[in-house]
Amino acid sequence: MTGQVVASHRLSVKTWTEEESDRADSLHSRGQSMCDDTCSELQRMAAIDRRDLNSQNSYRGQGALSRLVRMVMTLREWAHKSLVEEAERPDSFLERFRGPAPMDIQPPPSRFSPAHTNSDTDNDNRHAKHTKRSCNVLVLSPSDNVYYHWVMVIGAAVLYNWSFLVVRACFDELQTSCVLVWLVLDCLCDGVYILDMAVRLRTGFLDQGLMVKDVRRLRDTYLRTLQCKLDICSILPTNLLYLTLGITYTPLLRFNRLLRLPRLFESFERTETRTGYPNAFRICKLVLYILVIIHWNACGYYSFSKVLGLGSDTWVYPNASDPEFGSLARSYIYCLYWSTLTLTTIGETPPPVRDEEYLFLVFDFLVGVLIFASIVGNVGAMISNMNATRAAFQSRVDALKHYMHFRHVSKELEQRVIRWFDYLWTNQKAVDEQEVLKSLPNKLRAEIAINVHLETLKKVRIFQDCEAGLLVELVLKLRPQVFSPGDYICRKGDVGKEMYIIKDGRLAVVGEDGVGQLAVLTAGSCFGEISILNISGSKMGNRRTANIRSLGYSDLFCLSKQDLMDALQEFPHARAQLEQRGRDILQKEGLLEEVNVSAGEDLEEKVERLESSLDHLQTCLARLQSEFNSSQLRLKQRITALEHSTITVTPGSGFLSDADGNESIPGGDGIRSEINIRL
């Protein structure tokens, strides 16, 4: 008996100790997740102290230390939660619509793989390690932000070479005065060029709609392209020849760096796609192109003048011995001014003297004509695009004004119409959303509509628990409408053809006089679904049950009866919810008649049975008609065969015909005759 008591006591002590140890371990793991640097010692002390904890010394010695440790850990946990920013949780409304995030799908094992042996297991382990290393390799997607930022970096390096190499090659003083600066910048650009080749080797592409991340395939694809050969040529260390030719010729030796020009164009294209001001960016890009062309032409003019001799005639650049034209700044600015006047076809430059100068000037004039035409055409198109929305909106307003003036519409109504248009333009609601989004697939159109109108759709009760498919159907069928102050959205007794969802604004449910307000509807409220659901037993039928009036400018979504019925046809559960909600509202207002629901259900079942019987009868009738036509056809064929049959006499028959066609019967031979008719 004593042994049993001791055993039970030991068992209880063991259980209590294990429980405290588990608590300490869980607390220890949580402390490590918060801060592994200092909490481990506190956890150890708390675990040791709790093993010695009892009710008698809970407020003395080690018990007090344990409580102090727990208090410190609680404070640290609270401070950690307040300092560490929580990750943004995805919106449940959007998450339900979008579905689960795409995951990397592992290919299934082959059905034809043989049984695993020890060698196969080793091979699988090595393959798994290789696959793990391959997964750790960074592969960039052309649509990622990291890739876009890198394209901007390499674009800046290409623009540096296109801007400074030519001016350094033409103006010797600029090259020799800042040799160290140019050397550092050139080395940095060369490093960026080399890194760009590594980035191209790790840039994925789409194949059958999926991003290719196989490093070997990416490498082989890149090496087979023409751009790879141009990239290799652009990083050849040709500038090392300056050790032989001299430092003055370094810019000329680096002209192979200009072969990376497609990277600059790519950076412009991606920026134009991402920016929110594409027209302004296009103007800046056009100005940059013009400045680069003028810059190159200015450098070419100065180099051509050096070849012909500085100051040799009035057309070339004056001699550098002249103090007025001896400085580097004056030399470049003068050449830039001359290039601008020439390429813009303004003229007012000294006339050429030699034949070479005439040819050079003719070439410049041709380039200038192209530049002037591109400036006029591009700037005109950009300005037209910038004002396209305003021009289209203004044309609509002008046409309506002309119509109202022609039809002698009252001034008060005309002012209301004009104020309504002003409200649309001021609040940026003049754009036809359906026209803008019509080129997108339904999935993207629905997702954009949900993101734009998320706050409104969240407040609508019929959208909160509906399926994703129904949500897509309803959102795509919504049509925005704007009502002016005092406009009636619906009147009591009108035939209901639409239901409405309030996006912005306030609507009032008014009485028969139109003054007394019974209720106020705000954003997220929906109404009008009762009259378009055709609820059985409704005293109003498909008529409106209330007068609803706009207090100010109100933005509403309209859903027609036909669109709602088409959407609810495949979702009977949502339709039942809407009908039940409408039935509750009608019963609350006393507009619902008591109907025998079971009788209605029996009537519906009878109608369904009649429809199925009618379908069966139609099928049988069609089958009988087909059989009748077939038998009639066979009968006609047999009659036709009978009409064309011939009478033939078999050998040894008893019926013979004489020459006149009279039948004669020979006697005495006892042979029986027959008439064979071939059918």
# chains A, B, ... in the order shown; residues from 1 in each chain; ligands from 1
>>> residues_around(residues="Tyr317 (chain A)", least_positions_apart="4", cutoff="6 Å", atoms="only C-alpha atoms", output="MDAnalysis selection string")
chainID A and resid 305 310:311
>>> write_last_selection(atoms="all heavy atoms", output="tab-separated table (two decimals), in the first residue's frame")
chain	number	residue	atom	x	y	z
A	305	SER	N	37.08	71.32	-89.01
A	305	SER	CA	37.82	72.58	-89.06
A	305	SER	C	39.30	72.36	-88.77
A	305	SER	O	40.17	73.01	-89.38
A	305	SER	CB	37.23	73.57	-88.05
A	305	SER	OG	35.88	73.87	-88.35
A	310	LEU	N	42.44	75.50	-88.67
A	310	LEU	CA	41.70	76.48	-87.88
A	310	LEU	C	42.04	77.88	-88.35
A	310	LEU	O	43.21	78.26	-88.45
A	310	LEU	CB	42.03	76.32	-86.39
A	310	LEU	CG	41.63	74.98	-85.74
A	310	LEU	CD1	42.08	74.94	-84.28
A	310	LEU	CD2	40.13	74.77	-85.83
A	311	GLY	N	40.99	78.66	-88.66
A	311	GLY	CA	41.19	80.04	-89.10
A	311	GLY	C	41.67	80.18	-90.52
A	311	GLY	O	42.06	81.28	-90.93
>>> residues_around(residues="region 167-184 of chain A", least_positions_apart="6", cutoff="12 Å", atoms="only C-alpha atoms", output="short mmCIF file (atom, residue, chain, number, x, y, z; two decimals) with all heavy atoms, in the first residue's frame")
data_model
loop_
_atom_site.label_atom_id
_atom_site.label_comp_id
_atom_site.auth_asym_id
_atom_site.auth_seq_id
_atom_site.Cartn_x
_atom_site.Cartn_y
_atom_site.Cartn_z
N TYR A 160 26.64 57.86 -71.19
CA TYR A 160 27.93 58.51 -70.89
C TYR A 160 28.89 58.33 -72.06
O TYR A 160 29.56 59.29 -72.49
CB TYR A 160 28.50 57.92 -69.61
CG TYR A 160 29.98 58.13 -69.45
CD1 TYR A 160 30.49 59.35 -69.04
CD2 TYR A 160 30.89 57.11 -69.75
CE1 TYR A 160 31.86 59.55 -68.92
CE2 TYR A 160 32.24 57.29 -69.62
CZ TYR A 160 32.73 58.52 -69.22
OH TYR A 160 34.09 58.71 -69.11
N ASN A 161 28.99 57.12 -72.58
CA ASN A 161 29.92 56.89 -73.68
C ASN A 161 29.49 57.64 -74.95
O ASN A 161 30.34 58.20 -75.65
CB ASN A 161 30.01 55.39 -73.97
CG ASN A 161 30.81 54.65 -72.92
OD1 ASN A 161 31.81 55.16 -72.40
ND2 ASN A 161 30.36 53.45 -72.56
N ASP A 190 33.25 50.18 -67.92
CA ASP A 190 33.65 48.85 -68.38
C ASP A 190 33.18 47.77 -67.40
O ASP A 190 32.72 46.69 -67.82
CB ASP A 190 35.17 48.78 -68.53
CG ASP A 190 35.66 49.65 -69.68
OD1 ASP A 190 34.82 50.06 -70.50
OD2 ASP A 190 36.88 49.92 -69.75
N GLY A 191 33.27 48.06 -66.11
CA GLY A 191 32.76 47.10 -65.13
C GLY A 191 31.25 46.89 -65.25
O GLY A 191 30.76 45.77 -65.13
N ASN A 239 41.20 49.94 -75.34
CA ASN A 239 41.82 51.13 -74.78
C ASN A 239 43.22 50.86 -74.24
O ASN A 239 43.94 51.80 -73.90
CB ASN A 239 40.95 51.72 -73.67
CG ASN A 239 40.58 50.68 -72.63
OD1 ASN A 239 40.80 49.48 -72.84
ND2 ASN A 239 40.04 51.13 -71.51
N LEU A 240 43.61 49.57 -74.14
CA LEU A 240 44.98 49.28 -73.70
C LEU A 240 46.02 49.66 -74.75
O LEU A 240 47.22 49.74 -74.45
CB LEU A 240 45.11 47.79 -73.37
CG LEU A 240 44.26 47.28 -72.18
CD1 LEU A 240 44.49 45.79 -71.99
CD2 LEU A 240 44.62 48.05 -70.91
N TYR A 242 46.43 52.44 -75.83
CA TYR A 242 46.96 53.79 -75.60
C TYR A 242 48.38 53.72 -75.04
O TYR A 242 49.13 54.71 -75.08
CB TYR A 242 46.05 54.56 -74.64
CG TYR A 242 46.25 54.24 -73.18
CD1 TYR A 242 47.14 54.98 -72.41
CD2 TYR A 242 45.53 53.23 -72.56
CE1 TYR A 242 47.32 54.69 -71.07
CE2 TYR A 242 45.70 52.94 -71.23
CZ TYR A 242 46.60 53.68 -70.48
OH TYR A 242 46.78 53.39 -69.16
N GLY A 246 49.55 56.34 -77.28
CA GLY A 246 49.52 57.56 -76.48
C GLY A 246 48.14 57.78 -75.88
O GLY A 246 47.12 57.29 -76.38
N ILE A 247 48.10 58.54 -74.82
CA ILE A 247 46.86 58.74 -74.09
C ILE A 247 45.88 59.62 -74.85
O ILE A 247 44.68 59.63 -74.58
CB ILE A 247 47.18 59.36 -72.71
CG1 ILE A 247 45.98 59.21 -71.78
CG2 ILE A 247 47.58 60.82 -72.84
CD1 ILE A 247 46.29 59.58 -70.36
N THR A 248 46.37 60.38 -75.86
CA THR A 248 45.47 61.26 -76.62
C THR A 248 44.48 60.46 -77.45
O THR A 248 43.36 60.91 -77.69
CB THR A 248 46.30 62.17 -77.53
OG1 THR A 248 47.28 62.85 -76.74
CG2 THR A 248 45.41 63.21 -78.21
N TYR A 249 44.83 59.27 -77.88
CA TYR A 249 43.98 58.47 -78.75
C TYR A 249 43.05 57.52 -77.98
O TYR A 249 42.37 56.70 -78.58
CB TYR A 249 44.84 57.64 -79.71
CG TYR A 249 45.65 58.48 -80.66
CD1 TYR A 249 46.96 58.84 -80.36
CD2 TYR A 249 45.09 58.94 -81.84
CE1 TYR A 249 47.70 59.62 -81.23
CE2 TYR A 249 45.83 59.72 -82.71
CZ TYR A 249 47.13 60.07 -82.41
OH TYR A 249 47.86 60.84 -83.26
N THR A 250 43.04 57.63 -76.66
CA THR A 250 42.21 56.72 -75.86
C THR A 250 40.73 56.80 -76.21
O THR A 250 40.07 55.76 -76.36
CB THR A 250 42.43 56.99 -74.37
OG1 THR A 250 43.81 56.85 -74.05
CG2 THR A 250 41.62 56.02 -73.53
N PRO A 251 40.11 57.99 -76.35
CA PRO A 251 38.68 58.02 -76.71
C PRO A 251 38.37 57.35 -78.03
O PRO A 251 37.34 56.69 -78.16
CB PRO A 251 38.38 59.53 -76.75
CG PRO A 251 39.40 60.16 -75.89
CD PRO A 251 40.63 59.34 -76.07
N LEU A 252 39.25 57.50 -79.03
CA LEU A 252 39.00 56.85 -80.31
C LEU A 252 39.06 55.34 -80.19
O LEU A 252 38.33 54.62 -80.88
CB LEU A 252 40.03 57.33 -81.34
CG LEU A 252 39.93 58.80 -81.75
CD1 LEU A 252 41.08 59.17 -82.67
CD2 LEU A 252 38.59 59.07 -82.43
N LEU A 253 39.92 54.84 -79.30
CA LEU A 253 40.04 53.41 -79.12
C LEU A 253 38.85 52.81 -78.37
O LEU A 253 38.67 51.60 -78.37
CB LEU A 253 41.34 53.08 -78.36
CG LEU A 253 42.64 53.50 -79.07
CD1 LEU A 253 43.83 53.23 -78.17
CD2 LEU A 253 42.78 52.74 -80.39
N ARG A 254 38.06 53.66 -77.73
CA ARG A 254 36.92 53.18 -76.95
C ARG A 254 35.59 53.30 -77.71
O ARG A 254 34.52 53.13 -77.12
CB ARG A 254 36.80 53.97 -75.64
CG ARG A 254 37.93 53.69 -74.65
CD ARG A 254 37.72 54.49 -73.38
NE ARG A 254 36.42 54.25 -72.78
CZ ARG A 254 36.12 53.23 -71.99
NH1 ARG A 254 37.07 52.35 -71.68
NH2 ARG A 254 34.91 53.09 -71.49
N PHE A 255 35.65 53.58 -79.00
CA PHE A 255 34.41 53.76 -79.75
C PHE A 255 33.61 52.45 -79.90
O PHE A 255 32.44 52.48 -80.29
CB PHE A 255 34.71 54.36 -81.13
CG PHE A 255 34.61 55.85 -81.13
CD1 PHE A 255 35.11 56.59 -80.07
CD2 PHE A 255 34.03 56.51 -82.18
CE1 PHE A 255 35.03 57.98 -80.07
CE2 PHE A 255 33.94 57.90 -82.20
CZ PHE A 255 34.45 58.63 -81.13
N VAL A 292 21.69 65.21 -78.52
CA VAL A 292 22.82 64.32 -78.83
C VAL A 292 23.25 64.50 -80.29
O VAL A 292 24.46 64.55 -80.60
CB VAL A 292 22.44 62.86 -78.53
CG1 VAL A 292 23.49 61.90 -79.08
CG2 VAL A 292 22.26 62.65 -77.04
N ILE A 294 22.84 67.21 -82.19
CA ILE A 294 23.50 68.52 -82.29
C ILE A 294 24.89 68.46 -81.69
O ILE A 294 25.86 69.06 -82.21
CB ILE A 294 22.63 69.59 -81.61
CG1 ILE A 294 21.33 69.80 -82.40
CG2 ILE A 294 23.38 70.91 -81.49
CD1 ILE A 294 20.37 70.77 -81.73
N HIS A 295 25.03 67.75 -80.58
CA HIS A 295 26.33 67.60 -79.92
C HIS A 295 27.33 66.90 -80.84
O HIS A 295 28.48 67.35 -80.98
CB HIS A 295 26.12 66.83 -78.62
CG HIS A 295 27.38 66.38 -77.96
ND1 HIS A 295 28.23 67.23 -77.30
CD2 HIS A 295 27.95 65.14 -77.86
CE1 HIS A 295 29.25 66.56 -76.81
NE2 HIS A 295 29.11 65.28 -77.14
N TRP A 296 26.92 65.80 -81.46
CA TRP A 296 27.82 65.10 -82.37
C TRP A 296 28.16 65.95 -83.59
O TRP A 296 29.31 65.94 -84.06
CB TRP A 296 27.19 63.78 -82.80
CG TRP A 296 27.46 62.65 -81.86
CD1 TRP A 296 26.97 62.50 -80.61
CD2 TRP A 296 28.32 61.53 -82.10
NE1 TRP A 296 27.45 61.35 -80.04
CE2 TRP A 296 28.28 60.73 -80.95
CE3 TRP A 296 29.09 61.12 -83.18
CZ2 TRP A 296 29.00 59.55 -80.84
CZ3 TRP A 296 29.81 59.95 -83.08
CH2 TRP A 296 29.77 59.17 -81.92
N ASN A 297 27.20 66.68 -84.08
CA ASN A 297 27.47 67.53 -85.24
C ASN A 297 28.43 68.66 -84.90
O ASN A 297 29.29 69.05 -85.72
CB ASN A 297 26.15 68.11 -85.77
CG ASN A 297 26.32 68.82 -87.08
OD1 ASN A 297 26.74 68.23 -88.08
ND2 ASN A 297 26.01 70.12 -87.10
N ALA A 298 28.31 69.20 -83.67
CA ALA A 298 29.25 70.25 -83.24
C ALA A 298 30.67 69.70 -83.15
O ALA A 298 31.63 70.36 -83.59
CB ALA A 298 28.80 70.81 -81.89
N CYS A 299 30.81 68.49 -82.60
CA CYS A 299 32.15 67.89 -82.52
C CYS A 299 32.69 67.58 -83.92
O CYS A 299 33.89 67.76 -84.20
CB CYS A 299 32.09 66.61 -81.68
SG CYS A 299 31.63 66.89 -79.95
N GLY A 300 31.80 67.13 -84.82
CA GLY A 300 32.25 66.89 -86.19
C GLY A 300 32.68 68.17 -86.89
O GLY A 300 33.65 68.17 -87.67
N TYR A 301 31.98 69.29 -86.65
CA TYR A 301 32.37 70.57 -87.25
C TYR A 301 33.75 71.01 -86.75
O TYR A 301 34.59 71.49 -87.55
CB TYR A 301 31.32 71.62 -86.90
CG TYR A 301 31.74 73.03 -87.21
CD1 TYR A 301 31.81 73.48 -88.52
CD2 TYR A 301 32.07 73.92 -86.19
CE1 TYR A 301 32.20 74.78 -88.81
CE2 TYR A 301 32.45 75.22 -86.47
CZ TYR A 301 32.51 75.64 -87.78
OH TYR A 301 32.91 76.93 -88.07
N TYR A 302 34.01 70.82 -85.46
CA TYR A 302 35.31 71.24 -84.93
C TYR A 302 36.44 70.35 -85.49
O TYR A 302 37.51 70.86 -85.85
CB TYR A 302 35.29 71.16 -83.40
CG TYR A 302 36.52 71.73 -82.75
CD1 TYR A 302 36.68 73.10 -82.61
CD2 TYR A 302 37.53 70.89 -82.27
CE1 TYR A 302 37.82 73.62 -82.01
CE2 TYR A 302 38.67 71.40 -81.67
CZ TYR A 302 38.80 72.77 -81.55
OH TYR A 302 39.93 73.29 -80.96
N SER A 303 36.19 69.05 -85.56
CA SER A 303 37.22 68.16 -86.12
C SER A 303 37.46 68.46 -87.60
O SER A 303 38.61 68.46 -88.07
CB SER A 303 36.79 66.70 -85.95
OG SER A 303 36.67 66.37 -84.59
N PHE A 304 36.39 68.74 -88.36
CA PHE A 304 36.54 69.08 -89.78
C PHE A 304 37.31 70.39 -89.94
O PHE A 304 38.11 70.54 -90.89
CB PHE A 304 35.15 69.18 -90.41
CG PHE A 304 35.18 69.19 -91.91
CD1 PHE A 304 35.62 68.10 -92.63
CD2 PHE A 304 34.74 70.31 -92.61
CE1 PHE A 304 35.64 68.11 -94.01
CE2 PHE A 304 34.76 70.33 -93.99
CZ PHE A 304 35.20 69.22 -94.70
N SER A 305 37.08 71.32 -89.01
CA SER A 305 37.82 72.58 -89.06
C SER A 305 39.30 72.36 -88.77
O SER A 305 40.17 73.01 -89.38
CB SER A 305 37.23 73.57 -88.05
OG SER A 305 35.88 73.87 -88.35
N LYS A 306 39.61 71.44 -87.86
CA LYS A 306 41.02 71.15 -87.59
C LYS A 306 41.70 70.51 -88.79
O LYS A 306 42.88 70.77 -89.06
CB LYS A 306 41.14 70.23 -86.36
CG LYS A 306 40.86 70.92 -85.05
CD LYS A 306 41.39 70.12 -83.85
CE LYS A 306 40.81 68.74 -83.79
NZ LYS A 306 41.27 68.01 -82.57
N VAL A 307 40.93 69.65 -89.50
CA VAL A 307 41.52 69.03 -90.68
C VAL A 307 41.80 70.06 -91.77
O VAL A 307 42.86 70.06 -92.42
CB VAL A 307 40.59 67.92 -91.21
CG1 VAL A 307 41.09 67.38 -92.54
CG2 VAL A 307 40.49 66.79 -90.18
N ALA A 320 42.92 79.24 -82.77
CA ALA A 320 42.99 79.26 -81.31
C ALA A 320 43.93 80.32 -80.78
O ALA A 320 43.90 80.64 -79.59
CB ALA A 320 43.43 77.88 -80.80
N GLY A 326 40.16 81.14 -77.86
CA GLY A 326 41.19 80.21 -77.43
C GLY A 326 40.76 79.27 -76.31
O GLY A 326 41.34 78.20 -76.14
N SER A 327 39.75 79.61 -75.53
CA SER A 327 39.36 78.79 -74.39
C SER A 327 38.55 77.58 -74.85
O SER A 327 37.92 77.58 -75.91
CB SER A 327 38.54 79.61 -73.39
OG SER A 327 37.33 80.05 -73.99
N LEU A 328 38.58 76.54 -74.01
CA LEU A 328 37.86 75.31 -74.32
C LEU A 328 36.35 75.53 -74.30
O LEU A 328 35.62 75.03 -75.17
CB LEU A 328 38.24 74.23 -73.31
CG LEU A 328 37.49 72.89 -73.43
CD1 LEU A 328 37.77 72.23 -74.76
CD2 LEU A 328 37.89 71.96 -72.27
N ALA A 329 35.87 76.28 -73.32
CA ALA A 329 34.43 76.53 -73.23
C ALA A 329 33.92 77.27 -74.45
O ALA A 329 32.87 76.93 -75.02
CB ALA A 329 34.12 77.30 -71.95
N ARG A 330 34.68 78.34 -74.90
CA ARG A 330 34.24 79.10 -76.07
C ARG A 330 34.27 78.21 -77.33
O ARG A 330 33.39 78.33 -78.19
CB ARG A 330 35.13 80.33 -76.25
CG ARG A 330 34.88 81.09 -77.54
CD ARG A 330 33.40 81.49 -77.67
NE ARG A 330 32.98 82.43 -76.68
CZ ARG A 330 33.06 83.75 -76.82
NH1 ARG A 330 33.51 84.27 -77.93
NH2 ARG A 330 32.64 84.55 -75.85
N SER A 331 35.25 77.34 -77.43
CA SER A 331 35.33 76.47 -78.61
C SER A 331 34.10 75.57 -78.70
O SER A 331 33.47 75.46 -79.77
CB SER A 331 36.60 75.61 -78.54
OG SER A 331 37.75 76.43 -78.47
N TYR A 332 33.74 74.92 -77.60
CA TYR A 332 32.60 74.01 -77.64
C TYR A 332 31.28 74.77 -77.82
O TYR A 332 30.41 74.35 -78.61
CB TYR A 332 32.55 73.18 -76.36
CG TYR A 332 31.37 72.23 -76.31
CD1 TYR A 332 31.34 71.07 -77.08
CD2 TYR A 332 30.26 72.53 -75.52
CE1 TYR A 332 30.26 70.23 -77.06
CE2 TYR A 332 29.17 71.69 -75.49
CZ TYR A 332 29.16 70.53 -76.26
OH TYR A 332 28.08 69.69 -76.25
N ILE A 333 31.11 75.88 -77.13
CA ILE A 333 29.86 76.63 -77.23
C ILE A 333 29.68 77.20 -78.63
O ILE A 333 28.57 77.19 -79.19
CB ILE A 333 29.82 77.74 -76.16
CG1 ILE A 333 29.75 77.12 -74.76
CG2 ILE A 333 28.64 78.67 -76.38
CD1 ILE A 333 29.85 78.13 -73.65
N CYS A 335 30.88 75.94 -81.45
CA CYS A 335 30.54 74.82 -82.34
C CYS A 335 29.11 74.34 -82.10
O CYS A 335 28.39 73.99 -83.05
CB CYS A 335 31.52 73.67 -82.13
SG CYS A 335 33.23 74.06 -82.60
N LEU A 336 28.69 74.34 -80.85
CA LEU A 336 27.31 73.94 -80.55
C LEU A 336 26.31 74.93 -81.13
O LEU A 336 25.26 74.54 -81.66
CB LEU A 336 27.13 73.81 -79.03
CG LEU A 336 25.84 73.18 -78.53
CD1 LEU A 336 25.79 71.71 -78.92
CD2 LEU A 336 25.71 73.33 -77.01
#
>>> residues_around(residues="Asn534 (chain A)", least_positions_apart="4", cutoff="10 Å", atoms="only C-alpha atoms", output="CSV table (one decimal) with N, CA and C atoms, in the first residue's frame")
chain,number,residue,atom,x,y,z
A,496,GLY,N,-39.8,48.3,-62.3
A,496,GLY,CA,-38.3,48.1,-62.0
A,496,GLY,C,-37.6,47.4,-63.1
A,529,GLU,N,-33.5,45.8,-55.9
A,529,GLU,CA,-33.5,44.4,-56.3
A,529,GLU,C,-34.8,43.7,-56.1
A,530,ILE,N,-35.7,44.3,-55.3
A,530,ILE,CA,-37.0,43.7,-55.0
A,530,ILE,C,-37.9,43.7,-56.3
A,538,SER,N,-45.7,39.2,-53.8
A,538,SER,CA,-45.5,40.7,-53.7
A,538,SER,C,-46.7,41.4,-54.2
A,540,MET,N,-46.7,44.5,-54.9
A,540,MET,CA,-46.3,45.5,-55.8
A,540,MET,C,-45.8,44.9,-57.2
A,541,GLY,N,-45.7,43.5,-57.2
A,541,GLY,CA,-45.2,42.9,-58.4
A,541,GLY,C,-43.8,43.3,-58.7
A,542,ASN,N,-43.6,43.8,-60.0
A,542,ASN,CA,-42.3,44.3,-60.4
A,542,ASN,C,-42.3,45.9,-60.3
A,543,ARG,N,-43.1,46.4,-59.4
A,543,ARG,CA,-43.1,47.9,-59.3
A,543,ARG,C,-42.2,48.3,-58.2
A,579,GLU,N,-33.7,36.6,-52.9
A,579,GLU,CA,-35.2,36.5,-52.8
A,579,GLU,C,-35.6,36.5,-51.4
A,582,GLY,N,-35.4,40.1,-50.1
A,582,GLY,CA,-36.5,40.9,-50.6
A,582,GLY,C,-37.8,40.5,-49.9
>>> select_by_dssp(residues="region 306-531 of chain A", states="strand (DSSP E)", output="count of residues only")
26
>>> closest_residue(among="A:Arg274, A:Arg224, A:Arg282, A:Arg202", to="Asn145 (chain A)", atoms="only C-alpha atoms")
A:Arg274
>>> closest_atom_pairs(of="region 488-568 of chain A", to="region 409-427 of chain A", cutoff="12 Å", atoms="only C-alpha atoms", output="Markdown table")
| residue | atom | partner | partner_atom | distance |
| --- | --- | --- | --- | --- |
| A:Asp504 | CA | A:Asn427 | CA | 11.8 |
| A:Gly552 | CA | A:Trp420 | CA | 11.1 |
| A:Tyr553 | CA | A:Tyr423 | CA | 8.1 |
| A:Ser554 | CA | A:Tyr423 | CA | 10.5 |
| A:Asp555 | CA | A:Leu424 | CA | 10.2 |
>>> residues_around(residues="region 432-436 of chain A", least_positions_apart="2", cutoff="10 Å", atoms="only C-alpha atoms", output="number ranges by chain")
A: 429-430, 438-440, 445, 449, 476-480
>>> write_last_selection(atoms="N, CA and C atoms", output="short mmCIF file (atom, residue, chain, number, x, y, z; two decimals), in the first residue's frame")
data_model
loop_
_atom_site.label_atom_id
_atom_site.label_comp_id
_atom_site.auth_asym_id
_atom_site.auth_seq_id
_atom_site.Cartn_x
_atom_site.Cartn_y
_atom_site.Cartn_z
N LYS A 429 -14.37 61.91 -64.02
CA LYS A 429 -15.29 60.81 -64.29
C LYS A 429 -15.83 60.86 -65.71
N ALA A 430 -15.14 61.61 -66.56
CA ALA A 430 -15.61 61.75 -67.93
C ALA A 430 -15.13 60.63 -68.84
N LYS A 438 -11.94 47.58 -72.57
CA LYS A 438 -12.51 46.55 -73.44
C LYS A 438 -11.44 45.66 -74.08
N SER A 439 -10.20 46.13 -74.18
CA SER A 439 -9.15 45.32 -74.79
C SER A 439 -8.58 44.28 -73.84
N LEU A 440 -8.93 44.33 -72.55
CA LEU A 440 -8.42 43.38 -71.57
C LEU A 440 -9.33 42.16 -71.50
N ARG A 445 -10.15 42.56 -66.37
CA ARG A 445 -11.14 43.63 -66.24
C ARG A 445 -11.86 43.55 -64.91
N ALA A 449 -11.63 46.27 -61.85
CA ALA A 449 -12.86 46.87 -61.31
C ALA A 449 -12.98 46.64 -59.81
N LEU A 476 -18.50 42.74 -63.94
CA LEU A 476 -18.37 43.08 -65.35
C LEU A 476 -19.64 43.68 -65.93
N LYS A 477 -20.77 43.45 -65.28
CA LYS A 477 -22.04 43.96 -65.80
C LYS A 477 -22.45 45.28 -65.16
N LEU A 478 -21.70 45.76 -64.18
CA LEU A 478 -22.03 47.03 -63.54
C LEU A 478 -21.76 48.20 -64.49
N ARG A 479 -22.67 49.16 -64.50
CA ARG A 479 -22.54 50.34 -65.33
C ARG A 479 -22.61 51.58 -64.44
N PRO A 480 -21.57 52.43 -64.47
CA PRO A 480 -21.60 53.63 -63.61
C PRO A 480 -22.58 54.67 -64.13
#
>>> residues_around(residues="Thr522 (chain A)", least_positions_apart="4", cutoff="12 Å", atoms="only C-alpha atoms", output="PyMOL selection string")
chain A and resi 456+459-460+500-509+526-527+550-552+554-556
>>> write_last_selection(atoms="C-alpha atoms", output="PDB file, in the first residue's frame")
ATOM      1  CA  THR A 456     -17.666  50.126 -52.145  1.00  0.00           C
ATOM      2  CA  LYS A 459     -19.938  47.186 -48.045  1.00  0.00           C
ATOM      3  CA  VAL A 460     -22.437  45.449 -50.327  1.00  0.00           C
ATOM      4  CA  TYR A 500     -28.484  50.227 -57.958  1.00  0.00           C
ATOM      5  CA  ILE A 501     -25.400  50.165 -55.736  1.00  0.00           C
ATOM      6  CA  ILE A 502     -24.246  53.456 -54.205  1.00  0.00           C
ATOM      7  CA  LYS A 503     -20.555  54.138 -54.813  1.00  0.00           C
ATOM      8  CA  ASP A 504     -20.396  57.702 -53.548  1.00  0.00           C
ATOM      9  CA  GLY A 505     -22.951  60.227 -52.394  1.00  0.00           C
ATOM     10  CA  ARG A 506     -26.102  60.252 -50.290  1.00  0.00           C
ATOM     11  CA  LEU A 507     -29.614  59.262 -51.331  1.00  0.00           C
ATOM     12  CA  ALA A 508     -32.838  59.919 -49.433  1.00  0.00           C
ATOM     13  CA  VAL A 509     -35.939  57.753 -49.261  1.00  0.00           C
ATOM     14  CA  CYS A 526     -28.038  48.682 -52.687  1.00  0.00           C
ATOM     15  CA  PHE A 527     -31.698  49.003 -53.621  1.00  0.00           C
ATOM     16  CA  SER A 550     -30.341  62.163 -54.774  1.00  0.00           C
ATOM     17  CA  LEU A 551     -29.360  64.762 -52.166  1.00  0.00           C
ATOM     18  CA  GLY A 552     -26.254  65.849 -54.052  1.00  0.00           C
ATOM     19  CA  SER A 554     -24.246  60.710 -56.497  1.00  0.00           C
ATOM     20  CA  ASP A 555     -22.206  58.008 -58.197  1.00  0.00           C
ATOM     21  CA  LEU A 556     -24.115  54.766 -58.583  1.00  0.00           C
TER      22      LEU A 556
END
>>> atom_distance(atom1="CA of Leu258 (chain A)", atom2="CA of Val367 (chain A)")
20.8 Å
>>> atom_distance(atom1="CA of Pro352 (chain A)", atom2="CA of Trp315 (chain A)")
5.3 Å
>>> select_by_dssp(residues="region 457-645 of chain A", states="helix (DSSP H, G or I)", output="PyMOL selection string")
chain A and resi 457-459+461-464+468-477+529-533+561-568+572-588+597-643
